[in-house]
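Beneath this line is the structure, given in structure tokens, with notes to follow.
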Amino acid sequence: MESELIRHLRERISADPRAPLGLSDDAAVLHLASPGCMVTSDLLTDGVDFHLDEVDLRRVGHKSLAVNLSDLAAMASRPIAAIVSLVLPRSDGLQIAKQLYDGMLPLAERFDVAVAGGDTNSWDGRLVISVTAIGELPARGPLTRSGAKAGDAIIVTGAFGGSILSRHLDVEPRVREALLLHERYQLHAGIDVSDGLALDLSRLCTESGCGAVVELDAVPIHEDARRLAAQKADGRTALEHALGDGEDFELILAVPTDDAERMLSDQPLDVPLTRIGQFIAEPGLWQGDADGNRRPLEPTGYEHRL
Ligand SMILES: [Mg+2]
């Protein structure tokens, strides 16, 4: 089955000078233009991240690459290549693999990512997808979580909450947005929102050794969060969904004030940029009101249990 899948993929994947051997050999050759590269990896597992019998596998294939590209975007790294490994259930394994690639390859093409290799296995367990993505080290250096400074504006892309209604599978990684912003403005720190706006912001604060005050009125709430709140499934408000739902795959950036003002008036992206608060020297996550009062803000979000 593996050789049939490789044959199928070699027909579908066009030649790429950055990975000139294609899928023909024991290991991939990668030609990197930049002096260094960045590597990230993500696992998607049936029963944890999706349910095989309820979902269009092309969307799962898309997501499995997209979440890696989002991690590269968080560090302003341009994607180069991906390595894809599948552990397939014994029944229908080849069909499952083909559908996953049907979702993954158009995204790879759109973001100019060479699918350069990987491995495939079958077993009696559930489907597991592992994707490793390789990106360029940006000329200005990587955007990290650790550079936020007191006084920086908290800038976010897009809107938050309610992704579970559907769009968590249709992740649109903010790669182009991150590259453009990193090139055009001074950014001190960045992270992508995989587990929740509040939780991922608190992670950025921890790495930067600072705190953040969020102006709750300024948080862009996604229409899905409002729909979910209206369904009253768990009694949470739209704002609570926006702060804690996760899988938005938007960016949180720490931006010095002057650049933040320029960025907000330029609005150089297709997606809106919003200032939702400010980083402060005092550690912790806070909610602030117009009168300058502060109260602690719970870093809600999704924690993977080990
Ligand atoms: Mg991330």
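Residues in the structure tokens are named by chain (A, B, ... in the order shown) and by number from 1 within that chain; ligands are numbered from 1 in the order shown.
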
List as an mmCIF file with C-alpha atoms, in the first residue's frame the protein and nucleic acid residues near A:Ile96, meaning an atom at most 12 Å away when only C-alpha atoms are counted, but skip any in the same chain fewer than 2 places from it.
data_model
loop_
_atom_site.group_PDB
_atom_site.id
_atom_site.type_symbol
_atom_site.label_atom_id
_atom_site.label_comp_id
_atom_site.auth_asym_id
_atom_site.auth_seq_id
_atom_site.Cartn_x
_atom_site.Cartn_y
_atom_site.Cartn_z
ATOM 1 C CA MET A 1 0.000 0.000 0.000
ATOM 2 C CA LEU A 5 0.613 5.867 -2.068
ATOM 3 C CA LEU A 52 -12.708 10.174 11.775
ATOM 4 C CA ASP A 53 -16.309 9.131 11.078
ATOM 5 C CA VAL A 55 -15.339 14.709 9.415
ATOM 6 C CA ASP A 56 -14.241 15.413 5.848
ATOM 7 C CA LEU A 57 -10.683 14.065 5.866
ATOM 8 C CA ARG A 58 -9.570 16.659 3.341
ATOM 9 C CA ARG A 59 -10.222 19.305 5.996
ATOM 10 C CA VAL A 60 -8.167 17.295 8.502
ATOM 11 C CA GLY A 61 -5.341 17.058 5.945
ATOM 12 C CA LEU A 86 0.839 8.923 8.774
ATOM 13 C CA VAL A 87 -0.155 6.033 11.024
ATOM 14 C CA LEU A 88 -3.220 4.677 9.247
ATOM 15 C CA PRO A 89 -5.950 2.316 10.392
ATOM 16 C CA ARG A 90 -5.695 -1.016 8.535
ATOM 17 C CA SER A 91 -9.081 -0.705 6.877
ATOM 18 C CA ASP A 92 -9.343 1.925 4.133
ATOM 19 C CA GLY A 93 -5.827 3.191 4.891
ATOM 20 C CA LEU A 94 -4.957 4.106 1.305
ATOM 21 C CA LYS A 98 -5.328 10.041 -0.362
ATOM 22 C CA GLN A 99 -8.094 12.179 1.134
ATOM 23 C CA LEU A 100 -5.699 13.712 3.680
ATOM 24 C CA TYR A 101 -3.306 14.673 0.888
ATOM 25 C CA ASP A 102 -6.223 16.013 -1.178
ATOM 26 C CA GLY A 103 -6.682 18.593 1.566
ATOM 27 C CA THR A 120 3.482 5.688 6.421
ATOM 28 C CA SER A 122 -0.705 0.826 9.320
ATOM 29 C CA ARG A 126 -6.629 5.151 15.297
ATOM 30 C CA LEU A 127 -5.364 7.519 12.615
ATOM 31 C CA VAL A 128 -2.392 9.634 13.688
ATOM 32 C CA ILE A 129 -0.958 12.421 11.507
#

- Would you mind listing what lies within 8 Å of stretch 227-235 of chain A as JSON, numbers by chain, with only C-alpha atoms counted and same-chain residues fewer than 4 positions away left out? {"A": [162, 165, 223, 241]}

- Within 8 Å of ligand 1, counting only C-alpha atoms and all ligand atoms, which protein or nucleic acid residues do you find, written as a ChimeraX atom specification? /A:67,70-71,74,191-194

- Taking only C-alpha atoms into account, which of A:Leu306, A:Met104, A:Ala218, A:Ala28 comes nearest A:Ala290? A:Ala218

- Task: Output as a PyMOL selection string all residues of stretch 135-236 of chain A that backbone DSSP marks as helix (DSSP H, G or I).
- Result: chain A and resi 163-165+167-169+175-184+197-208+216-218+223-231

- Which is closer to A:Val115 than all the others in A:Asp289, A:Asp258, A:Glu250, A:Asp16, using only C-alpha atoms?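 Counting only C-alpha atoms, the residue closest to A:Val115 is A:Asp16.
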
- Item | Nearby residues (only C-alpha atoms) at most 12 Å from A:Val29, same-chain spacing under 4 positions excluded, as a list of chain:residue names |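 My reading of the contact set: A:Asp16, A:Pro17, A:Arg18, A:Ala19, A:Pro20, A:Leu21, A:Gly22, A:Leu23, A:Ser24, A:Asp25, A:Ala81, A:Ile83, A:Ala114, A:Val115, A:Ala116, A:Gly117.
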
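Straight-line separation from atom CA of A:His31 to atom CA of A:Glu2: 26.2 Å.
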
- Message: With distances taken over only C-alpha atoms, which residue among A:Gln186, A:Ser77, A:Asn68, A:Asn293 lies nearest A:Ala153?
- Response: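 Looking at the shortest contact to A:Ala153, the residue is A:Gln186.
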
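With distances restricted to only C-alpha atoms, A:Leu285 is the closest residue to A:Gly209 from A:Val255, A:Ile155, A:Ala178, A:Leu285.
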
- Message: Taking only C-alpha atoms into account, name the residue in A:Asp124, A:Glu240, A:Glu136, A:Asp224 that is nearest to A:Thr40.
- Response: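 Closest to A:Thr40, using only C-alpha atoms: A:Glu136.
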
- What is the distance between atom CA of A:Thr274 and atom CA of A:Lys63, in Å to one decimal?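 If I compute the distance from atom CA of A:Thr274 to atom CA of A:Lys63, I get 25.2 Å.
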